[in-house]
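Undergrad: Quick one: structure below, then a few questions.
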Amino acid sequence: MLNLYGFPVSHYYNMVKHTLMQKGVSYEEVLVMPGSGDDYLDKSPLGKIPCIGVEEGYLSETSSILEYIEDSFQGPSLAPSDPWGRAKMRELMKVCELYIEAPARQLIPVVMQGEKDNDSHLKAIDTLNKGVRALSRLSVFEPYLMGPKLTLADIMLRYVLIVVRGHTALPGLNTAGCAGIDLASVLPGLEAWDRAMDASAVSQAIDAILVSEISKYMGKQPD
Ligand SMILES: N[C@@H](CCC(=O)N[C@@H](CS)C(=O)NCC(=O)O)C(=O)O
């Protein structure tokens with residue numbers, strides 16, 4: 001049985017959970033909060049959430065986990081089968097992670113606590129603008145990022161966007177607005193993509209948990 005370590009409000013945790021559910025893989029959730037101590041470092045060396053435990057050992061870093069799940073389990077395929085398509089999917093995932101999620105996360109204190117802009121916030125705004133434009137250049141939105149088939153890149157983007165434009169459970173988290181980005185005009189395919197992603201029973205199940213669990217975890221999150 002695969003163990004999934006973390007907590008259900010973490011957007012990275014939910015990328016892994018979404019992938020497991022989408023593929024129909026059985027798993028057990030093990031509650032771990034950030035800063036859980038040295039024992040957890042044996043599983044996830046930087047203490048990051050999520051991580052998984054399988055027969056072979058432990059694995060952290062979400063994109064590695066997603067690819068491991070895709071490669072190891074039956075169920076609907078969530079990646080192109082050819083090397084080029086697969087590499088292009090990884091390119092999209094890197095853009096989501098490094099140039100959208102990371103700068104958006106840096107802007108959270110600005111939008112939530114009204115912290116004053118400083119050099120690092122201005123750099124984050126610049127990176128986020130470039131990241132969203134890169135996403136636009138790399139994606140076809142037909143309706144999914146790479147075409148008619150859902151891939152791991154779509155799953156990653158769904159949860160990255162929580163940090164960029166908020167969520168019904170986290171309405172104030174509009175870091176794109178703080179960076180002056182009008183998502184609908186930079187990403188004209190986003191509306192149809194949202195409809196396709198939101199129609200998924202897996203998305204709906206994860207959103208329902210997020211809404212019901214959020215108040216329990218808000219005060220404990222380090223971000
Ligand atoms: N690069 C990591 C990032 C994961 C991450 O930052 N997770 C957050 C929770 S959403 C976390 O563990 N924060 C606590 C910390 O950074 O120590 C991944 O891809 O899994």
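If you're wondering about the labels, chains in the structure tokens are A, B, ... by order shown, residues count from 1 in each chain, ligands from 1 in order shown.
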Give me, as a list in words, all polymer residues having an atom no more than 7 Å from Thr175 in chain A, counting only C-alpha atoms and skipping those fewer than 4 positions away in the same chain.
TA: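 Result of the neighbour search: Ala104, Leu107, Ile108, Val111, Val163, Val164, Arg165 and Ala179 of chain A.
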Undergrad: Only C-alpha atoms, please: the residues just picked out, written as a tab-separated table (two decimals), in the first residue's frame.
TA:
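What ended up in again-v6.tsv:
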chain	number	residue	atom	x	y	z
A	104	ALA	CA	3.35	33.65	-6.32
A	107	LEU	CA	3.84	37.43	-2.83
A	108	ILE	CA	1.49	35.89	-0.25
A	111	VAL	CA	-1.53	40.25	-0.45
A	163	VAL	CA	-1.63	30.43	-4.94
A	164	VAL	CA	-2.10	32.66	-7.98
A	165	ARG	CA	-5.80	33.51	-7.84
A	179	ALA	CA	1.42	41.44	-9.83
Undergrad: Each residue of range 3-96 of chain A with at least one atom at most 9 Å from range 190-211 of chain A should appear once, together with its nearest atom pair and the corresponding distance in Å (one decimal); atoms considered: only C-alpha atoms; ordering: chain, then increasing residue number; output as a tab-separated table.
TA:
residue	atom	partner	partner_atom	distance
A:Pro8	CA	A:Leu210	CA	6.6
A:Val9	CA	A:Leu210	CA	5.6
A:Ser10	CA	A:Leu210	CA	8.9
A:Asn14	CA	A:Ile206	CA	7.2
A:Lys17	CA	A:Ile206	CA	8.1
A:His18	CA	A:Val202	CA	6.3
A:Thr19	CA	A:Val202	CA	8.9
A:Met21	CA	A:Val202	CA	6.5
A:Gln22	CA	A:Val202	CA	6.5
Undergrad: Neighbours of Pro188 in chain A within 12 Å (only C-alpha atoms; same-chain residues fewer than 6 positions away dropped), as a list in words?
TA: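 Skipping anything fewer than 6 positions along the chain leaves Val132, Arg133, Leu135, Ser136, Arg137, Ser139, Val140, Phe141, Glu142, Pro143, Leu145, Asp182 and Asp194 of chain A.
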Undergrad: Convert the current residue selection to file output with N, CA, C and O atoms, as a PDB file, in the first residue's frame.
TA:
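So the final result, stored in part-v8.pdb, reads:
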ATOM      1  N   VAL A 132       3.739  33.303 -16.285  1.00  0.00           N
ATOM      2  CA  VAL A 132       2.389  33.167 -16.854  1.00  0.00           C
ATOM      3  C   VAL A 132       2.448  33.303 -18.381  1.00  0.00           C
ATOM      4  O   VAL A 132       1.772  32.576 -19.120  1.00  0.00           O
ATOM      5  N   ARG A 133       3.297  34.203 -18.856  1.00  0.00           N
ATOM      6  CA  ARG A 133       3.440  34.347 -20.312  1.00  0.00           C
ATOM      7  C   ARG A 133       4.094  33.110 -20.930  1.00  0.00           C
ATOM      8  O   ARG A 133       3.731  32.674 -22.026  1.00  0.00           O
ATOM      9  N   LEU A 135       3.778  30.094 -19.777  1.00  0.00           N
ATOM     10  CA  LEU A 135       2.710  29.087 -19.775  1.00  0.00           C
ATOM     11  C   LEU A 135       1.817  29.271 -21.003  1.00  0.00           C
ATOM     12  O   LEU A 135       1.443  28.308 -21.680  1.00  0.00           O
ATOM     13  N   SER A 136       1.503  30.521 -21.302  1.00  0.00           N
ATOM     14  CA  SER A 136       0.662  30.819 -22.454  1.00  0.00           C
ATOM     15  C   SER A 136       1.337  30.367 -23.758  1.00  0.00           C
ATOM     16  O   SER A 136       0.703  29.779 -24.635  1.00  0.00           O
ATOM     17  N   ARG A 137       2.650  30.631 -23.868  1.00  0.00           N
ATOM     18  CA  ARG A 137       3.357  30.251 -25.100  1.00  0.00           C
ATOM     19  C   ARG A 137       3.457  28.741 -25.266  1.00  0.00           C
ATOM     20  O   ARG A 137       3.486  28.221 -26.373  1.00  0.00           O
ATOM     21  N   SER A 139       1.344  26.362 -24.035  1.00  0.00           N
ATOM     22  CA  SER A 139       0.122  25.565 -23.897  1.00  0.00           C
ATOM     23  C   SER A 139      -0.825  25.779 -25.065  1.00  0.00           C
ATOM     24  O   SER A 139      -0.893  26.875 -25.623  1.00  0.00           O
ATOM     25  N   VAL A 140      -1.595  24.711 -25.391  1.00  0.00           N
ATOM     26  CA  VAL A 140      -2.587  24.875 -26.461  1.00  0.00           C
ATOM     27  C   VAL A 140      -4.007  25.077 -25.911  1.00  0.00           C
ATOM     28  O   VAL A 140      -4.873  25.582 -26.604  1.00  0.00           O
ATOM     29  N   PHE A 141      -4.251  24.648 -24.676  1.00  0.00           N
ATOM     30  CA  PHE A 141      -5.588  24.778 -24.065  1.00  0.00           C
ATOM     31  C   PHE A 141      -6.679  24.224 -24.984  1.00  0.00           C
ATOM     32  O   PHE A 141      -7.582  24.938 -25.400  1.00  0.00           O
ATOM     33  N   GLU A 142      -6.585  22.934 -25.327  1.00  0.00           N
ATOM     34  CA  GLU A 142      -7.605  22.332 -26.210  1.00  0.00           C
ATOM     35  C   GLU A 142      -8.273  21.114 -25.587  1.00  0.00           C
ATOM     36  O   GLU A 142      -8.219  20.017 -26.183  1.00  0.00           O
ATOM     37  N   PRO A 143      -8.954  21.090 -24.513  1.00  0.00           N
ATOM     38  CA  PRO A 143      -9.018  22.195 -23.561  1.00  0.00           C
ATOM     39  C   PRO A 143      -7.857  22.131 -22.563  1.00  0.00           C
ATOM     40  O   PRO A 143      -7.626  23.060 -21.823  1.00  0.00           O
ATOM     41  N   LEU A 145      -3.754  21.599 -21.310  1.00  0.00           N
ATOM     42  CA  LEU A 145      -2.547  22.348 -21.685  1.00  0.00           C
ATOM     43  C   LEU A 145      -1.887  21.795 -22.941  1.00  0.00           C
ATOM     44  O   LEU A 145      -1.419  22.542 -23.787  1.00  0.00           O
ATOM     45  N   ASP A 182      -3.671  40.145 -15.610  1.00  0.00           N
ATOM     46  CA  ASP A 182      -5.058  39.772 -15.908  1.00  0.00           C
ATOM     47  C   ASP A 182      -4.991  38.383 -16.555  1.00  0.00           C
ATOM     48  O   ASP A 182      -4.714  38.247 -17.750  1.00  0.00           O
ATOM     49  N   ASP A 194     -10.653  25.639 -17.076  1.00  0.00           N
ATOM     50  CA  ASP A 194     -11.259  25.577 -15.739  1.00  0.00           C
ATOM     51  C   ASP A 194     -12.512  24.706 -15.764  1.00  0.00           C
ATOM     52  O   ASP A 194     -12.726  23.892 -14.870  1.00  0.00           O
TER      53      ASP A 194
END
Undergrad: Of the candidates A:Ile69, A:Leu183, A:Leu31, A:Leu98, which shows the shortest atom-to-atom distance to ligand 1, using only C-alpha atoms and all ligand atoms?
TA: A:Leu98
Undergrad: Using only C-alpha atoms and all ligand atoms, what are the residues with an atom within 6 Å of ligand 1, set out as number ranges by chain?
TA: A: 10-12, 34, 47-50, 61-63
Undergrad: Which residues come within 9 Å of Leu92 in chain A, counting only C-alpha atoms, excluding same-chain residues fewer than 3 positions away, as a list in words?
TA: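 Those residues are Ala87, Lys88, Met89, Val95, Cys96, Glu97, Ala134, Leu135, Leu138, Ser139, Leu145, Ala153 and Leu157 of chain A.
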Undergrad: Just the selected residues (N, CA and C atoms), exported as a CSV table (one decimal), in the first residue's frame, please.
TA:
chain,number,residue,atom,x,y,z
A,87,ALA,N,9.0,15.2,-22.5
A,87,ALA,CA,9.9,16.3,-22.1
A,87,ALA,C,9.1,17.6,-22.1
A,88,LYS,N,8.2,17.8,-23.1
A,88,LYS,CA,7.4,19.0,-23.2
A,88,LYS,C,6.5,19.1,-22.0
A,89,MET,N,6.0,18.0,-21.5
A,89,MET,CA,5.1,18.0,-20.3
A,89,MET,C,6.0,18.4,-19.1
A,95,VAL,N,7.9,25.1,-15.5
A,95,VAL,CA,7.4,26.5,-15.5
A,95,VAL,C,6.4,26.8,-14.4
A,96,CYS,N,5.5,25.8,-14.2
A,96,CYS,CA,4.4,26.0,-13.2
A,96,CYS,C,5.1,26.1,-11.8
A,97,GLU,N,6.1,25.3,-11.6
A,97,GLU,CA,6.7,25.1,-10.3
A,97,GLU,C,7.6,26.3,-10.0
A,134,ALA,N,5.0,32.5,-20.2
A,134,ALA,CA,5.7,31.3,-20.7
A,134,ALA,C,4.6,30.2,-20.8
A,135,LEU,N,3.8,30.1,-19.8
A,135,LEU,CA,2.7,29.1,-19.8
A,135,LEU,C,1.8,29.3,-21.0
A,138,LEU,N,3.5,28.0,-24.1
A,138,LEU,CA,3.8,26.6,-24.2
A,138,LEU,C,2.5,25.7,-24.3
A,139,SER,N,1.3,26.4,-24.0
A,139,SER,CA,0.1,25.6,-23.9
A,139,SER,C,-0.8,25.8,-25.1
A,145,LEU,N,-3.8,21.6,-21.3
A,145,LEU,CA,-2.5,22.3,-21.7
A,145,LEU,C,-1.9,21.8,-22.9
A,153,ALA,N,0.8,17.8,-16.1
A,153,ALA,CA,1.0,19.3,-16.1
A,153,ALA,C,-0.3,20.0,-15.7
A,157,LEU,N,-0.9,22.4,-12.5
A,157,LEU,CA,-1.3,23.8,-12.7
A,157,LEU,C,-2.6,24.0,-11.8
Undergrad: Within range 3-188 of chain A, find each residue whose DSSP state, derived from the backbone, is helix (DSSP H, G or I), and express the selection as number ranges by chain.
TA: A: 11-23, 38-41, 62-72, 83-106, 108-113, 119-138, 152-165, 175-178, 183-186
Undergrad: Please indicate the distance in Å from CA of Gly53 in chain A to CA of Leu2 in chain A, rounded to one decimal place.
TA: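 Separation between CA of Gly53 in chain A and CA of Leu2 in chain A: 5.8 Å.
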Undergrad: Tell me which of A:Asp39, A:Arg90, A:Ser60, A:Asp126 sits closest to Leu4 in chain A, counting only C-alpha atoms.
TA: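 Closest residue, counting only C-alpha atoms: A:Ser60.
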